[in-house]
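data-v3.pdb (PDB, C-alpha atoms) appears below.
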```
ATOM      1  CA  MET B   1      -9.717  -7.728  14.941  1.00  0.00           C
ATOM      2  CA  ASP B   2      -7.647  -6.380  17.842  1.00  0.00           C
ATOM      3  CA  ALA B   3      -3.916  -5.619  17.682  1.00  0.00           C
ATOM      4  CA  LYS B   4      -3.042  -8.828  19.545  1.00  0.00           C
ATOM      5  CA  SER B   5      -4.645 -11.021  16.885  1.00  0.00           C
ATOM      6  CA  LEU B   6      -3.192  -9.226  13.856  1.00  0.00           C
ATOM      7  CA  PRO B   7      -0.793 -11.252  11.740  1.00  0.00           C
ATOM      8  CA  SER B   8       2.913 -10.578  12.043  1.00  0.00           C
ATOM      9  CA  ILE B   9       4.104  -8.550   9.050  1.00  0.00           C
ATOM     10  CA  SER B  10       7.052  -6.460   7.970  1.00  0.00           C
ATOM     11  CA  LEU B  11       7.318  -3.640   5.454  1.00  0.00           C
ATOM     12  CA  ARG B  12      10.228  -3.383   3.039  1.00  0.00           C
ATOM     13  CA  ALA B  13      11.266  -1.488  -0.071  1.00  0.00           C
ATOM     14  CA  PRO B  14      10.429  -3.167  -3.384  1.00  0.00           C
ATOM     15  CA  GLU B  15      13.212  -5.018  -5.201  1.00  0.00           C
ATOM     16  CA  THR B  16      13.363  -5.590  -8.953  1.00  0.00           C
ATOM     17  CA  ARG B  17      14.407  -9.255  -8.922  1.00  0.00           C
ATOM     18  CA  ARG B  18      12.116 -10.218  -6.082  1.00  0.00           C
ATOM     19  CA  ASP B  19       8.999  -8.207  -6.911  1.00  0.00           C
ATOM     20  CA  LEU B  20       8.781  -7.427 -10.644  1.00  0.00           C
ATOM     21  CA  ASP B  21       6.761 -10.489 -11.678  1.00  0.00           C
ATOM     22  CA  ARG B  22       4.495 -10.270  -8.639  1.00  0.00           C
ATOM     23  CA  LEU B  23       3.734  -6.572  -9.153  1.00  0.00           C
ATOM     24  CA  PHE B  24       3.118  -7.129 -12.853  1.00  0.00           C
ATOM     25  CA  ARG B  25       0.689  -9.992 -12.122  1.00  0.00           C
ATOM     26  CA  TRP B  26      -1.133  -7.926  -9.500  1.00  0.00           C
ATOM     27  CA  GLU B  27      -1.417  -4.896 -11.780  1.00  0.00           C
ATOM     28  CA  GLN B  28      -2.769  -7.013 -14.645  1.00  0.00           C
ATOM     29  CA  THR B  29      -5.269  -9.025 -12.639  1.00  0.00           C
ATOM     30  CA  GLN B  30      -6.706  -6.604 -10.124  1.00  0.00           C
ATOM     31  CA  LYS B  31     -10.141  -5.260 -10.813  1.00  0.00           C
ATOM     32  CA  HIS B  32     -10.172  -1.620 -11.748  1.00  0.00           C
ATOM     33  CA  GLY B  33     -13.508  -0.988 -10.110  1.00  0.00           C
ATOM     34  CA  TYR B  34     -14.510   1.010  -7.054  1.00  0.00           C
ATOM     35  CA  ASP B  35     -12.268   4.046  -7.245  1.00  0.00           C
ATOM     36  CA  THR B  36     -11.090   3.752 -10.834  1.00  0.00           C
ATOM     37  CA  PRO B  37     -12.725   5.985 -13.450  1.00  0.00           C
ATOM     38  CA  GLN B  38     -13.769   4.473 -16.763  1.00  0.00           C
ATOM     39  CA  ASP B  39     -11.081   6.449 -18.608  1.00  0.00           C
ATOM     40  CA  ALA B  40      -8.264   5.389 -16.244  1.00  0.00           C
ATOM     41  CA  PRO B  41      -4.992   4.507 -17.968  1.00  0.00           C
ATOM     42  CA  ALA B  42      -4.199   0.885 -18.717  1.00  0.00           C
ATOM     43  CA  PRO B  43      -2.190  -1.017 -16.111  1.00  0.00           C
ATOM     44  CA  PRO B  44       1.573  -0.579 -16.443  1.00  0.00           C
ATOM     45  CA  THR B  45       3.531  -2.901 -18.692  1.00  0.00           C
ATOM     46  CA  ARG B  46       6.291  -5.161 -17.371  1.00  0.00           C
ATOM     47  CA  MET B  47       8.800  -2.689 -18.850  1.00  0.00           C
ATOM     48  CA  ASP B  48       7.092   0.227 -17.040  1.00  0.00           C
ATOM     49  CA  LEU B  49       7.366  -1.645 -13.743  1.00  0.00           C
ATOM     50  CA  TRP B  50      10.965  -2.654 -14.434  1.00  0.00           C
ATOM     51  CA  ALA B  51      11.863   1.007 -15.101  1.00  0.00           C
ATOM     52  CA  PHE B  52      10.026   2.106 -11.941  1.00  0.00           C
ATOM     53  CA  LEU B  53      11.782  -0.478  -9.772  1.00  0.00           C
ATOM     54  CA  ASN B  54      15.223   0.214 -11.242  1.00  0.00           C
ATOM     55  CA  SER B  55      14.940   3.961 -10.742  1.00  0.00           C
ATOM     56  CA  TYR B  56      13.128   3.728  -7.423  1.00  0.00           C
ATOM     57  CA  ARG B  57      14.732   5.376  -4.408  1.00  0.00           C
ATOM     58  CA  HIS B  58      13.052   4.580  -1.096  1.00  0.00           C
ATOM     59  CA  SER B  59      12.826   8.265  -0.152  1.00  0.00           C
ATOM     60  CA  LEU B  60       9.619  10.203   0.351  1.00  0.00           C
ATOM     61  CA  GLU B  61      11.376  13.557  -0.015  1.00  0.00           C
ATOM     62  CA  GLU B  62      13.143  12.599  -3.269  1.00  0.00           C
ATOM     63  CA  GLN B  63      10.228  10.971  -5.053  1.00  0.00           C
ATOM     64  CA  GLY B  64       7.123  12.267  -3.303  1.00  0.00           C
ATOM     65  CA  GLN B  65       6.022   8.673  -2.778  1.00  0.00           C
ATOM     66  CA  MET B  66       7.171   5.469  -1.135  1.00  0.00           C
ATOM     67  CA  ARG B  67       6.107   1.913  -1.825  1.00  0.00           C
ATOM     68  CA  PHE B  68       6.393  -0.788   0.798  1.00  0.00           C
ATOM     69  CA  MET B  69       5.984  -4.472   0.118  1.00  0.00           C
ATOM     70  CA  ILE B  70       4.009  -6.249   2.848  1.00  0.00           C
ATOM     71  CA  ASP B  71       5.606  -9.500   3.931  1.00  0.00           C
ATOM     72  CA  SER B  72       3.756 -11.953   6.143  1.00  0.00           C
ATOM     73  CA  GLU B  73       5.924 -13.570   8.748  1.00  0.00           C
ATOM     74  CA  GLU B  74       3.233 -15.986   9.882  1.00  0.00           C
ATOM     75  CA  ASP B  75       3.932 -19.686  10.245  1.00  0.00           C
ATOM     76  CA  THR B  76       6.938 -19.792   7.981  1.00  0.00           C
ATOM     77  CA  GLU B  77      10.676 -19.261   8.082  1.00  0.00           C
ATOM     78  CA  LEU B  78      10.477 -17.339   4.828  1.00  0.00           C
ATOM     79  CA  ALA B  79       8.498 -14.170   4.380  1.00  0.00           C
ATOM     80  CA  VAL B  80       5.594 -14.356   1.943  1.00  0.00           C
ATOM     81  CA  THR B  81       4.750 -11.120   0.153  1.00  0.00           C
ATOM     82  CA  VAL B  82       1.006 -10.541   0.498  1.00  0.00           C
ATOM     83  CA  GLY B  83       0.578  -7.024  -0.866  1.00  0.00           C
ATOM     84  CA  CYS B  84       1.916  -3.518  -1.046  1.00  0.00           C
ATOM     85  CA  ILE B  85       1.141  -0.215   0.625  1.00  0.00           C
ATOM     86  CA  ASP B  86       2.089   3.221  -0.637  1.00  0.00           C
ATOM     87  CA  LEU B  87       2.590   6.711   0.665  1.00  0.00           C
ATOM     88  CA  CYS B  88       1.841   9.068  -2.226  1.00  0.00           C
ATOM     89  CA  ASP B  89       0.964  12.688  -2.984  1.00  0.00           C
ATOM     90  CA  TYR B  90       3.411  13.768  -0.281  1.00  0.00           C
ATOM     91  CA  ASP B  91       2.840  17.332   0.932  1.00  0.00           C
ATOM     92  CA  ASP B  92       5.939  18.588   2.726  1.00  0.00           C
ATOM     93  CA  ALA B  93       4.284  21.805   3.964  1.00  0.00           C
ATOM     94  CA  ALA B  94       1.368  19.912   5.531  1.00  0.00           C
ATOM     95  CA  ALA B  95       3.566  16.951   6.582  1.00  0.00           C
ATOM     96  CA  SER B  96       0.975  14.632   5.045  1.00  0.00           C
ATOM     97  CA  ALA B  97       0.652  11.902   2.442  1.00  0.00           C
ATOM     98  CA  TYR B  98      -2.072   9.724   1.001  1.00  0.00           C
ATOM     99  CA  VAL B  99      -2.184   5.990   1.613  1.00  0.00           C
ATOM    100  CA  SER B 100      -2.981   3.346  -0.986  1.00  0.00           C
ATOM    101  CA  ILE B 101      -3.038  -0.376  -0.225  1.00  0.00           C
ATOM    102  CA  PHE B 102      -3.361  -3.604  -2.177  1.00  0.00           C
ATOM    103  CA  ILE B 103      -3.583  -7.136  -0.775  1.00  0.00           C
ATOM    104  CA  ALA B 104      -3.446 -10.144  -3.096  1.00  0.00           C
ATOM    105  CA  LEU B 105      -6.897 -11.666  -3.575  1.00  0.00           C
ATOM    106  CA  SER B 106      -5.858 -14.994  -2.032  1.00  0.00           C
ATOM    107  CA  MET B 107      -4.549 -13.239   1.107  1.00  0.00           C
ATOM    108  CA  ARG B 108      -7.517 -10.961   1.865  1.00  0.00           C
ATOM    109  CA  ARG B 109      -9.720 -11.121   4.976  1.00  0.00           C
ATOM    110  CA  ARG B 110      -6.820 -12.293   7.172  1.00  0.00           C
ATOM    111  CA  GLY B 111      -5.871  -8.993   8.840  1.00  0.00           C
ATOM    112  CA  TYR B 112      -2.852  -8.169   6.669  1.00  0.00           C
ATOM    113  CA  ALA B 113      -4.240  -4.824   5.490  1.00  0.00           C
ATOM    114  CA  LEU B 114      -5.000  -3.645   9.019  1.00  0.00           C
ATOM    115  CA  ALA B 115      -1.581  -4.792  10.264  1.00  0.00           C
ATOM    116  CA  ALA B 116       0.054  -2.957   7.336  1.00  0.00           C
ATOM    117  CA  LEU B 117      -1.854   0.263   8.053  1.00  0.00           C
ATOM    118  CA  HIS B 118      -0.687   0.166  11.671  1.00  0.00           C
ATOM    119  CA  ALA B 119       2.915  -0.506  10.600  1.00  0.00           C
ATOM    120  CA  LEU B 120       2.763   2.249   7.976  1.00  0.00           C
ATOM    121  CA  ALA B 121       1.611   4.781  10.591  1.00  0.00           C
ATOM    122  CA  GLY B 122       4.795   4.058  12.544  1.00  0.00           C
ATOM    123  CA  GLU B 123       6.954   4.412   9.418  1.00  0.00           C
ATOM    124  CA  ALA B 124       5.204   7.666   8.508  1.00  0.00           C
ATOM    125  CA  ARG B 125       5.724   9.064  12.011  1.00  0.00           C
ATOM    126  CA  ASP B 126       9.438   8.199  11.758  1.00  0.00           C
ATOM    127  CA  LEU B 127       9.540  10.096   8.442  1.00  0.00           C
ATOM    128  CA  GLY B 128       8.139  13.196  10.138  1.00  0.00           C
ATOM    129  CA  LEU B 129       4.611  12.983   8.773  1.00  0.00           C
ATOM    130  CA  LYS B 130       1.795  14.296  10.940  1.00  0.00           C
ATOM    131  CA  ARG B 131      -1.223  13.148   8.933  1.00  0.00           C
ATOM    132  CA  LEU B 132      -2.185  10.284   6.653  1.00  0.00           C
ATOM    133  CA  LEU B 133      -5.091  10.537   4.222  1.00  0.00           C
ATOM    134  CA  ALA B 134      -7.057   7.970   2.251  1.00  0.00           C
ATOM    135  CA  ALA B 135      -9.561   8.638  -0.519  1.00  0.00           C
ATOM    136  CA  VAL B 136     -12.254   5.958  -0.389  1.00  0.00           C
ATOM    137  CA  SER B 137     -15.363   5.714  -2.531  1.00  0.00           C
ATOM    138  CA  PRO B 138     -18.577   5.589  -0.454  1.00  0.00           C
ATOM    139  CA  ASP B 139     -19.595   2.331  -2.152  1.00  0.00           C
ATOM    140  CA  ASN B 140     -16.338   0.553  -1.230  1.00  0.00           C
ATOM    141  CA  ALA B 141     -17.581  -1.034   2.008  1.00  0.00           C
ATOM    142  CA  PRO B 142     -14.459  -3.172   2.660  1.00  0.00           C
ATOM    143  CA  SER B 143     -12.126  -0.150   2.427  1.00  0.00           C
ATOM    144  CA  LEU B 144     -14.451   2.020   4.505  1.00  0.00           C
ATOM    145  CA  ALA B 145     -14.434  -0.611   7.257  1.00  0.00           C
ATOM    146  CA  LEU B 146     -10.671  -1.113   6.995  1.00  0.00           C
ATOM    147  CA  PHE B 147      -9.716   2.544   7.394  1.00  0.00           C
ATOM    148  CA  ALA B 148     -12.235   3.033  10.208  1.00  0.00           C
ATOM    149  CA  ALA B 149     -10.792  -0.006  12.024  1.00  0.00           C
ATOM    150  CA  ALA B 150      -7.288   1.478  11.613  1.00  0.00           C
ATOM    151  CA  GLY B 151      -8.382   4.653  13.422  1.00  0.00           C
ATOM    152  CA  TYR B 152      -8.928   6.893  10.407  1.00  0.00           C
ATOM    153  CA  ALA B 153     -11.839   9.318  10.684  1.00  0.00           C
ATOM    154  CA  LEU B 154     -13.989  10.576   7.842  1.00  0.00           C
ATOM    155  CA  SER B 155     -12.864  14.213   7.517  1.00  0.00           C
ATOM    156  CA  GLU B 156     -14.944  15.059   4.462  1.00  0.00           C
ATOM    157  CA  PRO B 157     -16.904  13.020   1.929  1.00  0.00           C
ATOM    158  CA  GLU B 158     -14.709  10.238   0.539  1.00  0.00           C
ATOM    159  CA  LEU B 159     -11.657  11.348   2.587  1.00  0.00           C
ATOM    160  CA  PHE B 160     -10.350   9.594   5.681  1.00  0.00           C
ATOM    161  CA  ALA B 161      -7.631  11.149   7.852  1.00  0.00           C
ATOM    162  CA  LEU B 162      -5.389   9.880  10.625  1.00  0.00           C
ATOM    163  CA  ASP B 163      -3.367  12.252  12.767  1.00  0.00           C
ATOM    164  CA  ILE B 164      -0.171  10.485  13.834  1.00  0.00           C
TER     165      ILE B 164
END
```
What does this structure look like when you write it as structure tokens?
Amino acid sequence: MDAKSLPSISLRAPETRRDLDRLFRWEQTQKHGYDTPQDAPAPPTRMDLWAFLNSYRHSLEEQGQMRFMIDSEEDTELAVTVGCIDLCDYDDAAASAYVSIFIALSMRRRGYALAALHALAGEARDLGLKRLLAAVSPDNAPSLALFAAAGYALSEPELFALDI
């Protein structure tokens, strides 16, 4: 999918009233498969998410992470939230952060993830980051294809990197 045919999206900070129920539903229903170890902690409770959202400051330097909600602006006057994308494990000295992305099951295979990765690269550049990283299991073919399509290169086994 080339840049011209990507869906129109915007990234925004999460909001408690707008996103709590959606994030809770996504956390409870997503499969904990490809990159999730068997002993991974249980998904967060509604109260955990409420506390996160109410204490959240959209600042990479303050919190070492940033979450962006992905809103589709396709064919509607109102934005529809289709997923979220995170910068995490921020390393100030290396000017780098890891990327994590989730697209709602019903919204997958429409180009939203690729559009969000491109938009996130611009946000990261504006924040002063020089490199984005993504840990992807070798048996996660959809994620491998996604990060390759977004311009990330395999820098070592299971690690993609994008210099921005």
Checklist entry - So which residues get picked by the PyMOL selection byres ((chain B and resi 121-131) around 8) here, written as a list in words? => result Ala94, Ala95, Ser96, Ala97, Leu117, His118, Ala119, Leu120, Leu132, Leu133, Ala161, Leu162, Asp163 and Ile164 of chain B
Checklist entry - Which residues, written as a VMD selection string, have at least one atom at most 10 Å from B:Ala116, with all atoms listed in the file counted and residues fewer than 6 positions away on the same chain left out? => result chain B and resid 6 to 11 68 to 72 83 to 85 101 103 122 150
Item to check | Residues within 12 Å of (-16.1, 3.3, -1.8), counting all atoms listed in the file, listed as a list in words | outcome: Gly33, Tyr34, Asp35, Thr36, Ala134, Ala135, Val136, Ser137, Pro138, Asp139, Asn140, Ala141, Pro142, Ser143, Leu144, Ala145, Leu146, Phe147, Pro157, Glu158, Leu159 and Phe160 of chain B
When the PyMOL selection byres ((chain B and resi 89) around 10) is applied to the file above, which residues end up in the set, as an mmCIF file with C-alpha atoms, in the coordinates of the input?
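Output below, filename out.cif:
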```
data_model
loop_
_atom_site.group_PDB
_atom_site.id
_atom_site.type_symbol
_atom_site.label_atom_id
_atom_site.label_comp_id
_atom_site.auth_asym_id
_atom_site.auth_seq_id
_atom_site.Cartn_x
_atom_site.Cartn_y
_atom_site.Cartn_z
ATOM 1 C CA LEU B 60 9.619 10.203 0.351
ATOM 2 C CA GLN B 63 10.228 10.971 -5.053
ATOM 3 C CA GLY B 64 7.123 12.267 -3.303
ATOM 4 C CA GLN B 65 6.022 8.673 -2.778
ATOM 5 C CA MET B 66 7.171 5.469 -1.135
ATOM 6 C CA ASP B 86 2.089 3.221 -0.637
ATOM 7 C CA LEU B 87 2.590 6.711 0.665
ATOM 8 C CA CYS B 88 1.841 9.068 -2.226
ATOM 9 C CA TYR B 90 3.411 13.768 -0.281
ATOM 10 C CA ASP B 91 2.840 17.332 0.932
ATOM 11 C CA ASP B 92 5.939 18.588 2.726
ATOM 12 C CA SER B 96 0.975 14.632 5.045
ATOM 13 C CA ALA B 97 0.652 11.902 2.442
ATOM 14 C CA TYR B 98 -2.072 9.724 1.001
ATOM 15 C CA VAL B 99 -2.184 5.990 1.613
ATOM 16 C CA LEU B 133 -5.091 10.537 4.222
#
```
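Between atom CA of B:Trp50 and atom CA of B:Thr16 lies a distance of 6.7 Å.
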